[in-house]
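Listing of upload29.txt; format and content: compact mmCIF, C-alpha atoms.
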# COMPACT_ATOMS: atom_id res chain seq x y z
CA MET Z 653 24.47 -124.00 -19.32
CA ALA Z 654 25.15 -127.45 -20.68
CA ASP Z 655 24.35 -128.53 -24.22
CA THR Z 656 21.00 -130.17 -23.50
CA GLN Z 657 20.88 -132.12 -26.75
CA SER Z 658 23.87 -134.24 -25.73
CA ASP Z 659 23.87 -133.91 -21.94
CA ASN Z 660 20.77 -135.43 -20.34
CA PRO Z 661 18.35 -134.45 -23.13
CA VAL Z 662 14.80 -133.53 -22.19
CA PHE Z 663 12.06 -135.16 -24.26
CA PHE Z 664 9.07 -132.86 -24.86
CA SER Z 665 5.52 -133.64 -25.87
CA VAL Z 666 4.02 -130.67 -27.74
CA ILE Z 667 0.24 -130.95 -27.40
CA ALA Z 668 -1.76 -129.16 -30.10
CA PRO Z 669 -5.57 -129.27 -30.32
CA ALA Z 670 -6.67 -128.39 -33.85
CA TYR Z 671 -10.10 -127.27 -35.02
CA LYS Z 672 -9.58 -124.58 -37.70
CA ASP Z 673 -7.26 -124.79 -40.67
CA LYS Z 674 -6.69 -121.08 -41.36
CA TYR Z 675 -3.38 -120.74 -39.48
CA LEU Z 676 -2.78 -124.39 -38.69
CA THR Z 677 0.08 -124.91 -41.16
CA ASP Z 678 1.92 -121.88 -39.77
CA SER Z 679 1.43 -123.21 -36.25
CA ILE Z 680 2.68 -126.73 -37.05
CA GLU Z 681 5.68 -125.39 -38.97
CA SER Z 682 6.71 -123.33 -35.94
CA VAL Z 683 6.91 -126.55 -33.93
CA LEU Z 684 8.70 -128.59 -36.58
CA GLY Z 685 11.16 -125.73 -37.09
CA GLN Z 686 12.42 -125.88 -33.51
CA THR Z 687 16.19 -125.75 -33.10
CA TYR Z 688 15.85 -128.39 -30.38
CA ARG Z 689 14.87 -131.72 -31.95
CA ASN Z 690 14.07 -134.08 -29.05
CA PHE Z 691 10.26 -133.83 -29.10
CA GLU Z 692 7.04 -135.34 -30.33
CA MET Z 693 4.06 -133.35 -31.57
CA ILE Z 694 0.60 -134.63 -30.71
CA LEU Z 695 -2.07 -133.18 -33.03
CA ILE Z 696 -5.67 -133.67 -31.87
CA ASP Z 697 -8.20 -133.05 -34.63
CA ASP Z 698 -11.18 -131.91 -32.56
CA GLY Z 699 -13.99 -132.87 -34.94
CA SER Z 700 -13.06 -130.23 -37.52
CA LYS Z 701 -15.19 -129.68 -40.62
CA ASP Z 702 -12.59 -128.00 -42.85
CA ARG Z 703 -9.15 -129.17 -44.04
CA THR Z 704 -7.74 -129.59 -40.54
CA ALA Z 705 -7.80 -133.40 -40.63
CA GLU Z 706 -6.14 -133.47 -44.05
CA ILE Z 707 -3.39 -131.08 -42.94
CA CYS Z 708 -2.71 -133.04 -39.77
CA ASP Z 709 -2.55 -136.36 -41.62
CA GLY Z 710 -0.17 -134.89 -44.19
CA TYR Z 711 2.32 -133.80 -41.55
CA ALA Z 712 2.08 -137.12 -39.71
CA ALA Z 713 2.82 -138.99 -42.96
CA SER Z 714 5.98 -136.97 -43.62
CA ASN Z 715 7.28 -136.46 -40.06
CA GLY Z 716 8.04 -139.36 -37.76
CA ASN Z 717 7.74 -137.23 -34.61
CA VAL Z 718 4.15 -136.15 -35.40
CA ARG Z 719 1.20 -138.21 -34.17
CA VAL Z 720 -2.43 -137.44 -35.06
CA PHE Z 721 -5.67 -138.37 -33.32
CA HIS Z 722 -9.12 -137.69 -34.78
CA ARG Z 723 -11.97 -137.24 -32.30
CA GLU Z 724 -15.51 -135.92 -32.09
CA ASN Z 725 -15.70 -132.25 -31.19
CA SER Z 726 -15.33 -131.83 -27.43
CA GLY Z 727 -13.52 -128.53 -26.94
CA VAL Z 728 -9.95 -127.40 -26.32
CA LEU Z 729 -9.70 -128.56 -22.71
CA ASP Z 730 -10.91 -132.07 -23.47
CA SER Z 731 -8.53 -132.29 -26.45
CA ARG Z 732 -5.59 -131.17 -24.35
CA CYS Z 733 -6.41 -133.72 -21.68
CA PHE Z 734 -6.64 -136.48 -24.29
CA GLY Z 735 -3.27 -135.36 -25.62
CA LEU Z 736 -1.82 -135.64 -22.14
CA SER Z 737 -3.08 -139.20 -21.87
CA GLN Z 738 -1.15 -140.04 -25.05
CA ALA Z 739 2.04 -138.12 -24.26
CA HIS Z 740 5.40 -139.91 -24.01
CA GLY Z 741 7.43 -136.86 -23.03
CA ASP Z 742 9.12 -136.13 -19.73
CA TRP Z 743 7.80 -132.59 -20.12
CA VAL Z 744 4.76 -131.20 -21.92
CA VAL Z 745 4.16 -127.88 -23.63
CA PHE Z 746 1.06 -126.59 -25.40
CA ILE Z 747 0.25 -124.64 -28.54
CA ASP Z 748 -3.04 -123.40 -29.99
CA ASP Z 749 -3.80 -123.97 -33.66
CA ASP Z 750 -3.51 -120.29 -34.61
CA ASP Z 751 -0.39 -119.36 -32.64
CA ARG Z 752 3.36 -119.86 -33.12
CA MET Z 753 6.27 -121.04 -31.01
CA LYS Z 754 9.53 -119.11 -31.25
CA PRO Z 755 12.17 -121.26 -33.02
CA ASN Z 756 14.22 -121.54 -29.82
CA GLU Z 757 11.36 -122.23 -27.38
CA LEU Z 758 12.21 -125.87 -26.68
CA GLN Z 759 15.97 -125.19 -26.58
CA VAL Z 760 15.57 -122.43 -23.98
CA LEU Z 761 13.23 -124.60 -21.95
CA ALA Z 762 15.56 -127.60 -22.09
CA ASP Z 763 18.52 -125.46 -20.99
CA ASN Z 764 16.60 -124.12 -18.00
CA ILE Z 765 15.16 -127.52 -17.05
CA ASN Z 766 18.66 -129.01 -16.98
CA HIS Z 767 20.01 -126.07 -15.01
CA TYR Z 768 17.15 -125.93 -12.46
CA LYS Z 769 16.73 -129.67 -12.05
CA ASN Z 770 14.11 -129.47 -9.29
CA ALA Z 771 11.66 -127.29 -11.22
CA ASP Z 772 8.28 -128.85 -11.96
CA CYS Z 773 6.96 -125.99 -14.09
CA VAL Z 774 8.69 -123.36 -16.24
CA ILE Z 775 6.68 -120.22 -17.01
CA PHE Z 776 7.77 -117.83 -19.77
CA ARG Z 777 6.73 -114.65 -21.58
CA PHE Z 778 5.06 -114.13 -24.97
CA GLU Z 779 4.40 -111.57 -27.70
CA PHE Z 780 1.30 -110.63 -29.65
CA LEU Z 781 1.17 -111.55 -33.32
CA VAL Z 782 -0.83 -108.79 -35.03
CA LYS Z 783 -1.74 -108.00 -38.61
CA SER Z 784 -0.44 -104.73 -40.04
CA ASP Z 785 -0.44 -103.71 -43.71
CA ASN Z 786 -1.50 -107.22 -44.64
CA HIS Z 787 1.48 -108.75 -42.84
CA TRP Z 788 1.80 -110.42 -39.45
CA LYS Z 789 4.28 -108.84 -37.05
CA THR Z 790 5.10 -109.22 -33.37
CA GLU Z 791 4.08 -106.64 -30.79
CA THR Z 792 5.28 -106.27 -27.21
CA VAL Z 793 2.88 -107.28 -24.45
CA HIS Z 794 2.61 -104.82 -21.58
CA ASP Z 795 1.38 -106.70 -18.53
CA SER Z 796 2.71 -107.63 -15.10
CA SER Z 797 4.91 -110.49 -16.33
CA LEU Z 798 8.13 -110.92 -14.37
CA ASP Z 799 11.21 -109.62 -16.16
CA GLU Z 800 13.76 -111.66 -14.20
CA THR Z 801 14.48 -115.33 -13.56
CA ILE Z 802 12.88 -116.55 -10.32
CA PHE Z 803 13.01 -120.10 -8.98
CA THR Z 804 10.65 -120.67 -6.07
CA ASP Z 805 8.67 -123.21 -4.10
CA ASP Z 806 6.52 -120.46 -2.54
CA LYS Z 807 3.16 -121.42 -3.98
CA SER Z 808 1.40 -118.39 -2.51
CA MET Z 809 3.79 -116.11 -4.43
CA VAL Z 810 3.19 -118.12 -7.59
CA CYS Z 811 -0.60 -117.90 -7.23
CA ARG Z 812 -0.49 -114.15 -6.59
CA THR Z 813 1.55 -113.73 -9.77
CA VAL Z 814 -0.59 -116.05 -11.89
CA PHE Z 815 -4.08 -115.00 -10.80
CA THR Z 816 -3.82 -111.23 -10.30
CA GLY Z 817 -3.14 -108.89 -13.16
CA SER Z 818 -1.27 -110.91 -15.77
CA THR Z 819 -1.97 -113.42 -18.53
CA TYR Z 820 -0.12 -116.21 -16.75
CA THR Z 821 -3.21 -118.44 -16.71
CA SER Z 822 -2.61 -119.34 -20.37
CA VAL Z 823 -1.31 -122.91 -20.45
CA TRP Z 824 0.81 -122.26 -23.55
CA ARG Z 825 3.03 -120.10 -21.33
CA LYS Z 826 4.06 -123.16 -19.33
CA ALA Z 827 6.27 -126.21 -19.70
CA VAL Z 828 5.26 -128.79 -17.10
CA ARG Z 829 6.83 -131.99 -15.87
CA ARG Z 830 4.51 -134.71 -17.19
CA SER Z 831 4.01 -136.28 -13.76
CA CYS Z 832 2.79 -132.94 -12.38
CA VAL Z 833 0.22 -131.85 -14.96
CA GLY Z 834 -2.86 -133.62 -13.57
CA LEU Z 835 -6.26 -133.40 -15.26
CA ASP Z 836 -5.91 -136.23 -17.78
CA ILE Z 837 -9.70 -136.55 -17.62
CA ILE Z 838 -12.08 -133.61 -17.34
CA PRO Z 839 -14.48 -133.69 -14.37
CA ASP Z 840 -18.10 -133.82 -15.53
CA SER Z 841 -18.73 -130.44 -13.88
CA PHE Z 842 -16.38 -128.80 -16.44
CA ARG Z 843 -18.11 -130.03 -19.55
CA GLU Z 844 -20.80 -127.34 -19.70
CA PHE Z 845 -18.03 -124.74 -19.68
CA ARG Z 846 -15.47 -126.51 -21.84
CA ASN Z 847 -14.94 -123.64 -24.30
CA PHE Z 848 -14.61 -120.87 -21.70
CA GLY Z 849 -11.94 -120.63 -19.03
CA ASP Z 850 -10.24 -123.87 -20.07
CA ASP Z 851 -6.80 -122.36 -19.43
CA THR Z 852 -7.80 -121.37 -15.91
CA PHE Z 853 -9.05 -124.85 -15.01
CA GLN Z 854 -5.90 -126.49 -16.32
CA THR Z 855 -3.62 -123.93 -14.67
CA VAL Z 856 -5.26 -124.61 -11.31
CA GLU Z 857 -4.51 -128.31 -11.65
CA ILE Z 858 -0.91 -127.57 -12.64
CA LEU Z 859 -0.50 -125.36 -9.57
CA ARG Z 860 -2.11 -128.05 -7.42
CA HIS Z 861 0.35 -130.75 -8.49
CA CYS Z 862 3.62 -128.84 -8.94
CA ARG Z 863 5.93 -128.15 -5.99
CA SER Z 864 8.50 -125.78 -7.52
CA PHE Z 865 8.29 -123.16 -10.24
CA LEU Z 866 10.69 -121.31 -12.51
CA PHE Z 867 9.74 -117.96 -14.06
CA ILE Z 868 11.98 -116.92 -16.94
CA PRO Z 869 11.92 -113.58 -18.84
CA ASP Z 870 12.44 -115.16 -22.26
CA ILE Z 871 9.77 -114.47 -24.91
CA LEU Z 872 9.07 -117.90 -26.40
CA TYR Z 873 5.53 -117.78 -27.83
CA GLU Z 874 3.53 -115.67 -30.31
CA TRP Z 875 -0.19 -115.30 -29.56
CA ARG Z 876 -2.11 -114.36 -32.69
CA ARG Z 877 -4.67 -111.62 -32.14
CA HIS Z 878 -7.54 -111.79 -34.60
CA ASP Z 879 -11.33 -111.90 -34.65
CA GLY Z 880 -11.69 -115.55 -35.56
CA GLY Z 881 -10.32 -117.24 -32.46
CA LEU Z 882 -12.18 -118.30 -29.37
CA THR Z 883 -10.82 -115.32 -27.41
CA GLY Z 884 -10.46 -112.98 -30.37
CA ALA Z 885 -13.97 -111.57 -30.26
CA VAL Z 886 -16.00 -110.42 -27.28
CA LYS Z 887 -18.40 -113.14 -26.25
CA PHE Z 888 -20.86 -113.19 -23.38
CA PRO Z 889 -21.89 -116.78 -22.71
CA GLY Z 890 -23.43 -115.71 -19.40
CA ASN Z 891 -21.83 -114.83 -16.11
CA ILE Z 892 -22.34 -118.33 -14.75
CA VAL Z 893 -19.50 -119.36 -17.07
CA ARG Z 894 -17.20 -116.57 -15.96
CA PHE Z 895 -17.87 -116.98 -12.25
CA PHE Z 896 -17.65 -120.75 -12.50
CA LYS Z 897 -13.92 -120.50 -13.15
CA GLU Z 898 -13.39 -117.68 -10.62
CA LYS Z 899 -15.21 -119.71 -7.97
CA TYR Z 900 -13.04 -122.69 -8.89
CA VAL Z 901 -9.91 -120.61 -8.26
CA VAL Z 902 -11.19 -119.38 -4.88
CA GLU Z 903 -12.10 -122.92 -3.81
CA PHE Z 904 -8.61 -124.08 -4.78
CA LEU Z 905 -6.93 -121.26 -2.85
CA ASN Z 906 -9.02 -122.02 0.21
CA ALA Z 907 -8.45 -125.78 0.02
CA GLU Z 908 -4.68 -125.34 -0.32
CA ASN Z 909 -4.63 -122.64 2.39
CA ILE Z 910 -2.48 -120.52 0.08
CA PHE Z 911 -3.77 -116.95 0.34
CA SER Z 912 -3.74 -114.62 3.33
CA ALA Z 913 -6.57 -112.15 3.95
CA ASP Z 914 -4.55 -109.45 2.18
CA ASP Z 915 -3.96 -111.77 -0.79
CA PHE Z 916 -7.68 -112.42 -1.10
CA GLU Z 917 -8.40 -108.69 -0.92
CA HIS Z 918 -5.95 -108.07 -3.77
CA TYR Z 919 -7.55 -110.84 -5.81
CA ARG Z 920 -11.02 -109.46 -5.06
CA SER Z 921 -9.93 -106.04 -6.32
CA PHE Z 922 -8.55 -107.60 -9.49
CA LEU Z 923 -11.83 -109.44 -10.16
CA ARG Z 924 -13.89 -106.32 -9.51
CA GLN Z 925 -11.88 -104.34 -12.04
CA SER Z 926 -12.20 -107.15 -14.57
CA LEU Z 927 -15.94 -107.18 -13.95
CA PHE Z 928 -16.15 -103.45 -14.61
CA VAL Z 929 -14.49 -103.90 -18.01
CA SER Z 930 -16.94 -106.70 -18.81
CA LEU Z 931 -19.90 -104.49 -17.87
CA VAL Z 932 -18.69 -101.82 -20.32
CA GLU Z 933 -18.17 -104.44 -23.04
CA VAL Z 934 -21.75 -105.63 -22.59
CA ALA Z 935 -23.07 -102.07 -22.77
CA THR Z 936 -21.20 -101.31 -26.00
CA SER Z 937 -21.95 -104.60 -27.73
CA SER Z 938 -24.39 -104.75 -30.64
CA LYS Z 939 -26.81 -107.08 -28.87
CA PRO Z 940 -30.46 -106.11 -28.12
CA LEU Z 941 -31.30 -104.25 -24.93
CA LYS Z 942 -33.15 -107.27 -23.52
CA GLN Z 943 -30.06 -109.44 -23.93
CA LYS Z 944 -27.82 -106.84 -22.28
CA LYS Z 945 -30.13 -106.60 -19.28
CA GLU Z 946 -30.13 -110.38 -18.99
CA TRP Z 947 -26.34 -110.49 -19.01
CA TYR Z 948 -26.24 -107.85 -16.27
CA ARG Z 949 -28.73 -109.87 -14.25
CA GLN Z 950 -26.52 -112.94 -14.62
CA TYR Z 951 -23.45 -111.00 -13.53
CA ARG Z 952 -25.34 -109.86 -10.44
CA GLU Z 953 -27.09 -113.08 -9.43
CA SER Z 954 -25.18 -115.99 -10.93
CA ASP Z 955 -24.48 -118.73 -8.39
CA GLY Z 956 -24.29 -116.21 -5.55
CA PHE Z 957 -20.60 -115.53 -6.24
CA TYR Z 958 -21.12 -111.78 -6.47
CA ASP Z 959 -22.68 -111.59 -3.00
CA ILE Z 960 -20.18 -114.06 -1.55
CA PHE Z 961 -16.97 -112.56 -2.90
CA LEU Z 962 -17.41 -109.33 -4.87
CA SER Z 963 -20.11 -107.16 -3.28
CA SER Z 964 -19.38 -104.13 -1.08
CA SER Z 965 -20.20 -106.21 2.01
CA CYS Z 966 -17.05 -108.25 1.27
CA GLY Z 967 -14.77 -105.26 1.75
CA PRO Z 968 -14.28 -101.68 0.54
CA TYR Z 969 -13.59 -100.84 -3.07
CA ASN Z 970 -10.06 -99.54 -3.56
CA PHE Z 971 -10.05 -98.17 -7.10
CA PRO Z 972 -11.33 -94.99 -8.88
CA GLY Z 973 -14.80 -93.74 -8.05
CA TYR Z 974 -16.23 -94.19 -11.55
CA LYS Z 975 -15.66 -97.95 -11.27
CA VAL Z 976 -17.20 -97.95 -7.79
CA ARG Z 977 -20.32 -96.26 -9.15
CA ALA Z 978 -20.73 -98.89 -11.86
CA LEU Z 979 -20.48 -101.78 -9.41
CA ARG Z 980 -22.85 -100.10 -6.95
CA ILE Z 981 -25.43 -99.62 -9.71
CA LEU Z 982 -25.04 -103.32 -10.52
CA GLU Z 983 -25.43 -104.18 -6.84
CA ARG Z 984 -28.76 -102.33 -6.74
CA ARG Z 985 -29.89 -104.15 -9.91
CA ARG Z 986 -30.55 -100.91 -11.82
CA TYR Z 987 -29.59 -102.39 -15.13
CA ILE Z 988 -30.79 -99.62 -17.47
CA ASN Z 989 -28.93 -97.03 -15.42
CA LEU Z 990 -25.87 -99.25 -15.52
CA LEU Z 991 -26.10 -99.59 -19.28
CA LEU Z 992 -26.19 -95.81 -19.77
CA TYR Z 993 -23.41 -95.21 -17.26
CA CYS Z 994 -21.10 -97.76 -18.89
CA ILE Z 995 -21.67 -96.17 -22.31
CA VAL Z 996 -20.62 -92.82 -20.82
CA CYS Z 997 -17.48 -94.47 -19.39
CA LYS Z 998 -16.65 -95.86 -22.82
CA ILE Z 999 -17.15 -92.46 -24.49
CA CYS Z 1000 -14.89 -90.80 -21.91
CA SER Z 1001 -12.25 -93.44 -22.54
CA MET Z 1002 -12.40 -92.87 -26.30
CA LEU Z 1003 -12.37 -89.08 -26.08
CA SER Z 1004 -9.46 -89.01 -23.66
CA ARG Z 1005 -7.63 -91.78 -25.54
CA LYS Z 1006 -7.06 -93.50 -22.23
CA PRO Z 1007 -7.88 -97.10 -21.29
CA LEU Z 1008 -10.86 -97.62 -19.03
CA ASP Z 1009 -8.70 -98.03 -15.94
CA LYS Z 1010 -7.06 -94.59 -16.51
CA ILE Z 1011 -10.02 -92.27 -17.09
CA ASN Z 1012 -11.05 -89.81 -14.36
Could you express the structure from this file as structure tokens?
Amino acid sequence: MADTQSDNPVFFSVIAPAYKDKYLTDSIESVLGQTYRNFEMILIDDGSKDRTAEICDGYAASNGNVRVFHRENSGVLDSRCFGLSQAHGDWVVFIDDDDRMKPNELQVLADNINHYKNADCVIFRFEFLVKSDNHWKTETVHDSSLDETIFTDDKSMVCRTVFTGSTYTSVWRKAVRRSCVGLDIIPDSFREFRNFGDDTFQTVEILRHCRSFLFIPDILYEWRRHDGGLTGAVKFPGNIVRFFKEKYVVEFLNAENIFSADDFEHYRSFLRQSLFVSLVEVATSSKPLKQKKEWYRQYRESDGFYDIFLSSSCGPYNFPGYKVRALRILERRRYINLLLYCIVCKICSMLSRKPLDKIN
């Protein structure tokens, strides 16, 4: 591939919402330490109450390619969209304030963008960043990520890959042509859910606007796993939040006429299995019984999505019987029975040292 820094250089905008200062310096340094230098970094201080603003201002004062914006707290999605409205880059990439970019991320992306000139979106792999013996180290991610380079304009294939069984919905796994990102302004309907599913909403808009996609096997990002982040601890804001984003995906797939009946059945199976895991997480949480029953009720009745897309009347279950039993108990609204059954499933998983989807 050509030397992208001298031959048709790509200019990147790295968009970084910032709310907590704990790992922020490490995150910013990973961007400023890129081997590829043709970029700007847009830091959005999202109404922080710690040293975030001070850290951001310090880097902007000493680095000409860093710009900082201070705003009232509005959530990650709103901050990203504001960053997009300020971006000067031909291409945009994203980073969260507790994660790290590999030193060669922008170089690898620039090389591929110049080689596959018609690509609108480049999607790459990542590693976990985990703490061990008081040190942070990388750990391999075992999911359904593609391990080969694929360039395609088959949007149905892309949506099957992104929405069923992988972590491809994360926006920090994507470099996107600026003209194809969409969603500079958040629709009012998103604001109630701005801190949950923000990656899914933004990914849908990227898929809506892009025409061609490049999957590469390169590991370019480090996602820090800890208890302090938005997704680090189990949270149950209510099923209306969860099903709001799933319903949004289904509406998009229908509007774009992307999925076949078989594709929808595969997606339905994926959502059912994800729901089962959530039911077990509710059962084993430390919340009061009344709260757990309420969460189960919300999973069952929220916005009608369960009856419309997930219930047994929408097609047969095609996974192990113990999962089927849990969803059928939910369908009958026997929430105490469901609670006890899910606890048993968790105990079996722990005793057998197998994940929930592998127990008998």
Quick one: distance from atom CA of Ile667 of chain Z to atom CA of Gly735 of chain Z in Å, one decimal?
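So the two atoms, atom CA of Ile667 of chain Z and atom CA of Gly735 of chain Z, lie 5.9 Å apart.
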Report the distance between atom CA of Glu903 of chain Z and atom CA of Asp795 of chain Z in Å, rounded to one decimal place.
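That distance, rounded to one decimal, is 25.7 Å.
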What is the distance, in Å and to one decimal place, between atom CA of Tyr987 of chain Z and atom CA of Ser926 of chain Z?
18.0 Å
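Proximity of Z:Ile747, Z:Leu676, Z:Ala935, Z:Ile995 to Arg732 of chain Z, computed with all atoms listed in the file, is greatest for Z:Ile747.
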From the list Z:Thr821, Z:Thr816, Z:Asn989, Z:Ser831, which residue is nearest Gln925 of chain Z when using only C-alpha atoms?
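Comparing Z:Thr821, Z:Thr816, Z:Asn989, Z:Ser831 against Gln925 of chain Z, the winner is Z:Thr816.
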